[in-house]
Amino acid sequence: MPVYYYIFLAVALFSIGVIGVLIRRNAIIIFMCVELMLNAANLLLVAFSKMHHQAMIHTNSTAASDAQVFVFFIMVVAAAEVSVGLAIIVMMYRNTHSVDVNFLNRLKN
Amino acid sequence: MSVIETMFWFLSVMALGAAVMVVASKSPVYSILFLILTFFAISGHYILLNAQFLAIVNIIVYAGAIMVLFLFVVMLMNLNAESEPHQKNKWFLYIGAISGGSLLLVMVAALKNVSATNQLVQMNNGEVGLIKNLGIKLFTDYVFPFEISSVLFLSAMIGAVVISKKEG
(Lines give C-alpha, C1' and ligand atoms only; values in the text may rest on other atoms or scores of the structure.)
Protein backbone atom coordinates (compact mmCIF):
# COMPACT_ATOMS: atom_id res chain seq x y z
CA MET A 1 0.00 0.00 0.00
CA PRO A 2 1.80 3.16 -1.10
CA VAL A 3 2.09 5.84 1.50
CA TYR A 4 0.13 8.41 -0.45
CA TYR A 5 -3.06 6.50 0.36
CA TYR A 6 -2.43 7.16 4.04
CA ILE A 7 -1.42 10.75 3.36
CA PHE A 8 -4.66 11.39 1.53
CA LEU A 9 -6.74 9.70 4.24
CA ALA A 10 -5.07 11.71 7.01
CA VAL A 11 -5.35 14.97 5.07
CA ALA A 12 -9.04 14.30 4.40
CA LEU A 13 -9.73 13.59 8.08
CA PHE A 14 -7.79 16.71 9.06
CA SER A 15 -9.72 18.96 6.70
CA ILE A 16 -13.04 17.45 7.84
CA GLY A 17 -11.96 18.45 11.36
CA VAL A 18 -11.11 21.96 10.13
CA ILE A 19 -14.51 22.28 8.45
CA GLY A 20 -16.13 21.14 11.70
CA VAL A 21 -14.29 23.78 13.73
CA LEU A 22 -15.30 26.50 11.28
CA ILE A 23 -18.93 25.51 10.84
CA ARG A 24 -20.24 24.40 14.20
CA ARG A 25 -21.18 26.74 16.99
CA ASN A 26 -21.37 24.29 19.86
CA ALA A 27 -18.15 24.50 21.89
CA ILE A 28 -18.16 20.77 22.67
CA ILE A 29 -18.41 19.76 19.01
CA ILE A 30 -15.60 22.17 18.13
CA PHE A 31 -13.49 20.45 20.78
CA MET A 32 -14.34 17.05 19.32
CA CYS A 33 -13.24 18.19 15.86
CA VAL A 34 -9.89 19.21 17.36
CA GLU A 35 -9.54 15.65 18.65
CA LEU A 36 -10.33 14.40 15.17
CA MET A 37 -7.50 16.53 13.77
CA LEU A 38 -5.12 15.11 16.36
CA ASN A 39 -6.08 11.58 15.38
CA ALA A 40 -5.50 12.31 11.71
CA ALA A 41 -1.97 13.43 12.56
CA ASN A 42 -1.46 10.29 14.67
CA LEU A 43 -2.49 8.06 11.78
CA LEU A 44 -0.08 9.81 9.45
CA LEU A 45 2.79 9.47 11.94
CA VAL A 46 2.21 5.73 12.31
CA ALA A 47 2.06 5.30 8.52
CA PHE A 48 5.36 7.14 8.10
CA SER A 49 6.98 5.06 10.82
CA LYS A 50 6.04 1.90 8.94
CA MET A 51 7.31 3.42 5.71
CA HIS A 52 10.72 4.08 7.22
CA HIS A 53 10.68 0.66 8.80
CA GLN A 54 10.10 -0.87 5.40
CA ALA A 55 12.98 1.11 3.97
CA MET A 56 15.40 0.20 6.75
CA ILE A 57 14.31 -3.35 7.37
CA HIS A 58 17.58 -4.88 6.28
CA THR A 59 19.80 -2.74 8.45
CA ASN A 60 17.88 -2.30 11.69
CA SER A 61 14.79 -4.20 12.57
CA THR A 62 13.38 -1.79 15.13
CA ALA A 63 14.17 1.40 13.30
CA ALA A 64 11.69 4.26 13.13
CA SER A 65 9.78 3.42 16.29
CA ASP A 66 10.27 7.02 17.41
CA ALA A 67 7.11 8.08 15.62
CA GLN A 68 5.00 5.57 17.51
CA VAL A 69 6.45 6.76 20.84
CA PHE A 70 5.58 10.28 19.71
CA VAL A 71 2.00 9.20 18.97
CA PHE A 72 1.84 7.83 22.51
CA PHE A 73 2.86 11.23 23.88
CA ILE A 74 0.36 13.00 21.63
CA MET A 75 -2.37 10.85 23.18
CA VAL A 76 -1.07 11.77 26.64
CA VAL A 77 -1.25 15.48 25.84
CA ALA A 78 -4.70 15.12 24.26
CA ALA A 79 -6.06 13.42 27.37
CA ALA A 80 -4.74 16.18 29.64
CA GLU A 81 -6.03 18.87 27.29
CA VAL A 82 -9.51 17.33 27.13
CA SER A 83 -9.85 17.25 30.91
CA VAL A 84 -8.88 20.90 31.33
CA GLY A 85 -10.89 22.04 28.29
CA LEU A 86 -14.06 20.32 29.46
CA ALA A 87 -13.61 21.85 32.92
CA ILE A 88 -13.49 25.28 31.27
CA ILE A 89 -16.59 24.53 29.18
CA VAL A 90 -18.51 23.34 32.24
CA MET A 91 -17.56 26.54 34.11
CA MET A 92 -18.73 28.67 31.17
CA TYR A 93 -21.98 26.78 31.08
CA ARG A 94 -22.43 27.30 34.79
CA ASN A 95 -22.06 31.05 34.36
CA THR A 96 -23.96 31.66 31.15
CA HIS A 97 -26.11 28.52 30.65
CA SER A 98 -25.07 28.28 27.03
CA VAL A 99 -22.37 26.47 25.08
CA ASP A 100 -22.74 28.66 22.03
CA VAL A 101 -19.37 30.15 21.11
CA ASN A 102 -20.93 33.25 19.61
CA PHE A 103 -22.66 33.85 22.90
CA LEU A 104 -19.47 33.27 24.85
CA ASN A 105 -17.83 35.89 22.63
CA ARG A 106 -19.70 38.55 24.54
CA LEU A 107 -17.66 37.90 27.67
CA LYS A 108 -15.56 40.93 26.85
CA ASN A 109 -18.44 43.27 27.64
CA MET B 1 -7.83 -7.28 -4.22
CA SER B 2 -6.26 -8.95 -1.29
CA VAL B 3 -7.85 -9.06 2.12
CA ILE B 4 -5.59 -6.31 3.45
CA GLU B 5 -6.55 -3.92 0.66
CA THR B 6 -10.23 -4.65 1.17
CA MET B 7 -9.87 -3.99 4.87
CA PHE B 8 -8.01 -0.76 4.15
CA TRP B 9 -10.73 0.57 1.88
CA PHE B 10 -13.51 -0.53 4.21
CA LEU B 11 -11.87 1.12 7.24
CA SER B 12 -11.12 4.30 5.25
CA VAL B 13 -14.72 4.64 4.08
CA MET B 14 -15.95 4.01 7.61
CA ALA B 15 -13.56 6.60 9.08
CA LEU B 16 -14.38 9.29 6.52
CA GLY B 17 -18.13 8.65 6.64
CA ALA B 18 -18.23 8.76 10.41
CA ALA B 19 -16.10 11.95 10.45
CA VAL B 20 -18.51 13.66 8.05
CA MET B 21 -21.41 12.59 10.25
CA VAL B 22 -19.64 14.04 13.31
CA VAL B 23 -19.65 17.45 11.66
CA ALA B 24 -23.08 17.18 10.06
CA SER B 25 -25.09 15.64 12.84
CA LYS B 26 -27.71 17.75 14.60
CA SER B 27 -27.59 16.21 18.04
CA PRO B 28 -24.34 16.34 20.04
CA VAL B 29 -24.83 12.81 21.36
CA TYR B 30 -24.92 11.44 17.81
CA SER B 31 -21.74 13.39 17.04
CA ILE B 32 -19.98 11.78 19.98
CA LEU B 33 -21.10 8.30 18.92
CA PHE B 34 -19.92 8.87 15.37
CA LEU B 35 -16.58 10.09 16.69
CA ILE B 36 -16.25 6.86 18.68
CA LEU B 37 -16.89 4.99 15.42
CA THR B 38 -14.14 7.08 13.77
CA PHE B 39 -11.72 6.13 16.54
CA PHE B 40 -12.52 2.46 16.05
CA ALA B 41 -11.83 2.80 12.33
CA ILE B 42 -8.50 4.52 13.02
CA SER B 43 -7.59 1.79 15.50
CA GLY B 44 -8.40 -0.72 12.78
CA HIS B 45 -5.89 1.10 10.56
CA TYR B 46 -3.31 0.86 13.33
CA ILE B 47 -3.88 -2.90 13.55
CA LEU B 48 -3.45 -3.21 9.78
CA LEU B 49 -0.11 -1.45 10.18
CA ASN B 50 0.75 -3.82 13.03
CA ALA B 51 0.96 -0.98 15.53
CA GLN B 52 -0.75 -3.15 18.13
CA PHE B 53 0.11 -1.16 21.23
CA LEU B 54 -1.17 2.09 19.72
CA ALA B 55 -4.38 0.46 18.53
CA ILE B 56 -5.24 -0.78 22.02
CA VAL B 57 -4.14 2.48 23.69
CA ASN B 58 -6.25 4.41 21.17
CA ILE B 59 -9.33 2.38 22.07
CA ILE B 60 -8.75 2.54 25.80
CA VAL B 61 -7.73 6.20 26.08
CA TYR B 62 -9.63 7.94 23.29
CA ALA B 63 -12.78 5.90 22.75
CA GLY B 64 -12.93 4.61 26.27
CA ALA B 65 -12.01 7.55 28.48
CA ILE B 66 -12.05 10.82 26.55
CA MET B 67 -15.29 10.17 24.67
CA VAL B 68 -17.00 8.94 27.83
CA LEU B 69 -15.94 12.20 29.49
CA PHE B 70 -17.48 14.13 26.59
CA LEU B 71 -20.65 12.09 26.94
CA PHE B 72 -20.82 12.83 30.68
CA VAL B 73 -20.53 16.56 30.02
CA VAL B 74 -23.17 16.50 27.27
CA MET B 75 -25.56 14.52 29.46
CA LEU B 76 -24.86 16.88 32.36
CA MET B 77 -25.76 19.89 30.27
CA ASN B 78 -28.75 18.05 28.79
CA LEU B 79 -27.89 19.03 25.23
CA ASN B 80 -30.05 17.65 22.50
CA ALA B 81 -31.00 18.47 18.94
CA GLU B 82 -33.44 21.23 19.91
CA SER B 83 -31.07 23.19 22.12
CA GLU B 84 -28.30 23.08 19.51
CA PRO B 85 -27.19 26.56 18.42
CA HIS B 86 -27.38 27.01 14.68
CA GLN B 87 -25.80 29.53 12.39
CA LYS B 88 -28.22 32.33 11.65
CA ASN B 89 -26.24 33.38 8.60
CA LYS B 90 -26.03 30.60 5.99
CA TRP B 91 -23.05 32.24 4.31
CA PHE B 92 -20.83 31.32 7.23
CA LEU B 93 -21.52 27.65 6.59
CA TYR B 94 -20.55 27.95 2.94
CA ILE B 95 -17.42 29.98 3.72
CA GLY B 96 -16.36 27.44 6.35
CA ALA B 97 -16.90 24.51 4.00
CA ILE B 98 -15.03 26.26 1.17
CA SER B 99 -12.11 27.14 3.46
CA GLY B 100 -11.77 23.58 4.70
CA GLY B 101 -12.13 22.21 1.21
CA SER B 102 -9.47 24.53 -0.15
CA LEU B 103 -7.14 23.43 2.66
CA LEU B 104 -7.67 19.85 1.48
CA LEU B 105 -6.99 20.84 -2.13
CA VAL B 106 -3.81 22.74 -1.26
CA MET B 107 -2.38 19.89 0.76
CA VAL B 108 -3.19 17.29 -1.89
CA ALA B 109 -1.76 19.48 -4.64
CA ALA B 110 1.42 20.11 -2.68
CA LEU B 111 2.10 16.39 -2.41
CA LYS B 112 0.98 15.41 -5.88
CA ASN B 113 4.29 15.26 -7.70
CA VAL B 114 6.50 14.20 -4.84
CA SER B 115 8.14 10.95 -5.86
CA ALA B 116 8.84 9.92 -2.29
CA THR B 117 5.18 9.27 -1.72
CA ASN B 118 5.29 6.14 -3.82
CA GLN B 119 7.18 4.26 -1.18
CA LEU B 120 5.44 1.26 0.23
CA VAL B 121 4.20 1.03 3.77
CA GLN B 122 4.89 -2.24 5.48
CA MET B 123 1.60 -3.71 6.55
CA ASN B 124 0.49 -6.69 8.51
CA ASN B 125 3.80 -7.52 10.15
CA GLY B 126 6.94 -5.84 11.32
CA GLU B 127 8.40 -5.50 14.76
CA VAL B 128 8.10 -1.78 15.21
CA GLY B 129 4.65 -1.70 16.73
CA LEU B 130 5.02 -4.55 19.16
CA ILE B 131 4.69 -3.58 22.77
CA LYS B 132 8.05 -5.09 23.73
CA ASN B 133 10.01 -2.95 21.29
CA LEU B 134 8.00 0.17 22.03
CA GLY B 135 8.43 -0.44 25.73
CA ILE B 136 12.19 -0.75 25.40
CA LYS B 137 12.30 2.46 23.36
CA LEU B 138 10.03 4.28 25.78
CA PHE B 139 11.93 3.37 28.91
CA THR B 140 15.47 3.81 27.62
CA ASP B 141 15.53 6.64 25.11
CA TYR B 142 12.38 8.48 26.09
CA VAL B 143 12.24 8.01 29.84
CA PHE B 144 12.53 11.76 30.53
CA PRO B 145 9.41 12.76 28.54
CA PHE B 146 7.64 9.81 30.12
CA GLU B 147 8.28 11.15 33.61
CA ILE B 148 7.47 14.71 32.56
CA SER B 149 4.12 13.48 31.21
CA SER B 150 3.23 12.34 34.71
CA VAL B 151 3.89 15.91 35.91
CA LEU B 152 1.70 17.11 33.01
CA PHE B 153 -1.14 14.90 34.17
CA LEU B 154 -0.74 16.12 37.72
CA SER B 155 -0.95 19.73 36.59
CA ALA B 156 -3.98 18.97 34.39
CA MET B 157 -5.78 17.34 37.32
CA ILE B 158 -5.00 20.24 39.63
CA GLY B 159 -6.04 22.70 36.92
CA ALA B 160 -9.35 20.95 36.32
CA VAL B 161 -10.15 20.92 40.04
CA VAL B 162 -9.15 24.55 40.52
CA ILE B 163 -11.17 25.72 37.53
CA SER B 164 -14.32 23.96 38.69
CA LYS B 165 -14.30 25.14 42.28
CA LYS B 166 -17.32 27.11 43.34
CA GLU B 167 -16.63 30.56 44.70
CA GLY B 168 -16.45 30.75 48.49
# chains A, B, ... in the order shown; residues from 1 in each chain; ligands from 1
call {"tool": "closest_atom_pairs", "arguments": {"of": "chain A", "to": "chain B", "cutoff": "6 Å", "atoms": "only C-alpha atoms", "output": "Markdown table"}}
result
| residue | atom | partner | partner_atom | distance |
| --- | --- | --- | --- | --- |
| A:Met1 | CA | B:Leu120 | CA | 5.6 |
| A:Pro2 | CA | B:Leu120 | CA | 4.3 |
| A:Val3 | CA | B:Thr117 | CA | 5.6 |
| A:Tyr4 | CA | B:Thr117 | CA | 5.3 |
| A:Ser15 | CA | B:Gly100 | CA | 5.4 |
| A:Val18 | CA | B:Gly100 | CA | 5.7 |
| A:Ile19 | CA | B:Gly100 | CA | 4.8 |
| A:Gly20 | CA | B:Val23 | CA | 5.1 |
| A:Leu22 | CA | B:Gly96 | CA | 5.1 |
| A:Ile23 | CA | B:Leu93 | CA | 5.4 |
| A:Lys50 | CA | B:Gln122 | CA | 5.5 |
| A:Met51 | CA | B:Val121 | CA | 4.4 |
| A:Gln54 | CA | B:Gln122 | CA | 5.4 |
| A:Thr62 | CA | B:Val128 | CA | 5.3 |
| A:Ser65 | CA | B:Val128 | CA | 5.6 |
| A:Ala80 | CA | B:Ala156 | CA | 5.6 |
| A:Val84 | CA | B:Ala160 | CA | 5.0 |
| A:Ala87 | CA | B:Ala160 | CA | 5.5 |
call {"tool": "residues_around", "arguments": {"residues": "Leu44 (chain A)", "least_positions_apart": "3", "cutoff": "6 Å", "atoms": "only C-alpha atoms", "output": "count of residues only"}}
result
3
call {"tool": "residues_around", "arguments": {"residues": "Met37 (chain A)", "least_positions_apart": "2", "cutoff": "6 Å", "atoms": "only C-alpha atoms", "output": "MDAnalysis selection string"}}
result
chainID A and resid 14 17 34:35 39:40
call {"tool": "write_last_selection", "arguments": {"atoms": "N, CA and C atoms", "output": "PDB file, in the first residue's frame"}}
result
ATOM      1  N   PHE A  14      -8.183  15.424   8.482  1.00  0.00           N
ATOM      2  CA  PHE A  14      -7.790  16.708   9.063  1.00  0.00           C
ATOM      3  C   PHE A  14      -8.663  17.834   8.545  1.00  0.00           C
ATOM      4  N   GLY A  17     -12.024  17.828  10.038  1.00  0.00           N
ATOM      5  CA  GLY A  17     -11.955  18.450  11.358  1.00  0.00           C
ATOM      6  C   GLY A  17     -11.929  19.968  11.281  1.00  0.00           C
ATOM      7  N   VAL A  34     -11.330  19.076  17.095  1.00  0.00           N
ATOM      8  CA  VAL A  34      -9.893  19.212  17.358  1.00  0.00           C
ATOM      9  C   VAL A  34      -9.296  17.843  17.658  1.00  0.00           C
ATOM     10  N   GLU A  35     -10.028  17.010  18.404  1.00  0.00           N
ATOM     11  CA  GLU A  35      -9.539  15.653  18.655  1.00  0.00           C
ATOM     12  C   GLU A  35      -9.447  14.849  17.378  1.00  0.00           C
ATOM     13  N   ASN A  39      -6.134  12.984  15.787  1.00  0.00           N
ATOM     14  CA  ASN A  39      -6.081  11.582  15.381  1.00  0.00           C
ATOM     15  C   ASN A  39      -5.625  11.417  13.956  1.00  0.00           C
ATOM     16  N   ALA A  40      -5.980  12.387  13.088  1.00  0.00           N
ATOM     17  CA  ALA A  40      -5.498  12.313  11.709  1.00  0.00           C
ATOM     18  C   ALA A  40      -3.977  12.398  11.685  1.00  0.00           C
TER      19      ALA A  40
END
call {"tool": "atom_distance", "arguments": {"atom1": "CA of Glu147 (chain B)", "atom2": "CA of Phe73 (chain A)"}}
result
11.1 Å
call {"tool": "closest_residue", "arguments": {"among": "A:Tyr93, A:Phe72, A:Phe8, A:Phe103", "to": "Leu38 (chain A)", "atoms": "only C-alpha atoms"}}
result
A:Phe72
call {"tool": "select_by_dssp", "arguments": {"residues": "region 1-126 of chain B", "states": "helix (DSSP H, G or I)", "output": "ChimeraX atom specification"}}
result
/B:3-24,28-48,52-77,90-110,115-118
call {"tool": "closest_residue", "arguments": {"among": "B:Leu33, B:Met75, B:Ile47, B:Ala63", "to": "Asn124 (chain B)", "atoms": "only C-alpha atoms"}}
result
B:Ile47
call {"tool": "closest_residue", "arguments": {"among": "B:Phe144, B:Phe139, B:Lys26, B:Gly64", "to": "Glu82 (chain B)", "atoms": "only C-alpha atoms"}}
result
B:Lys26
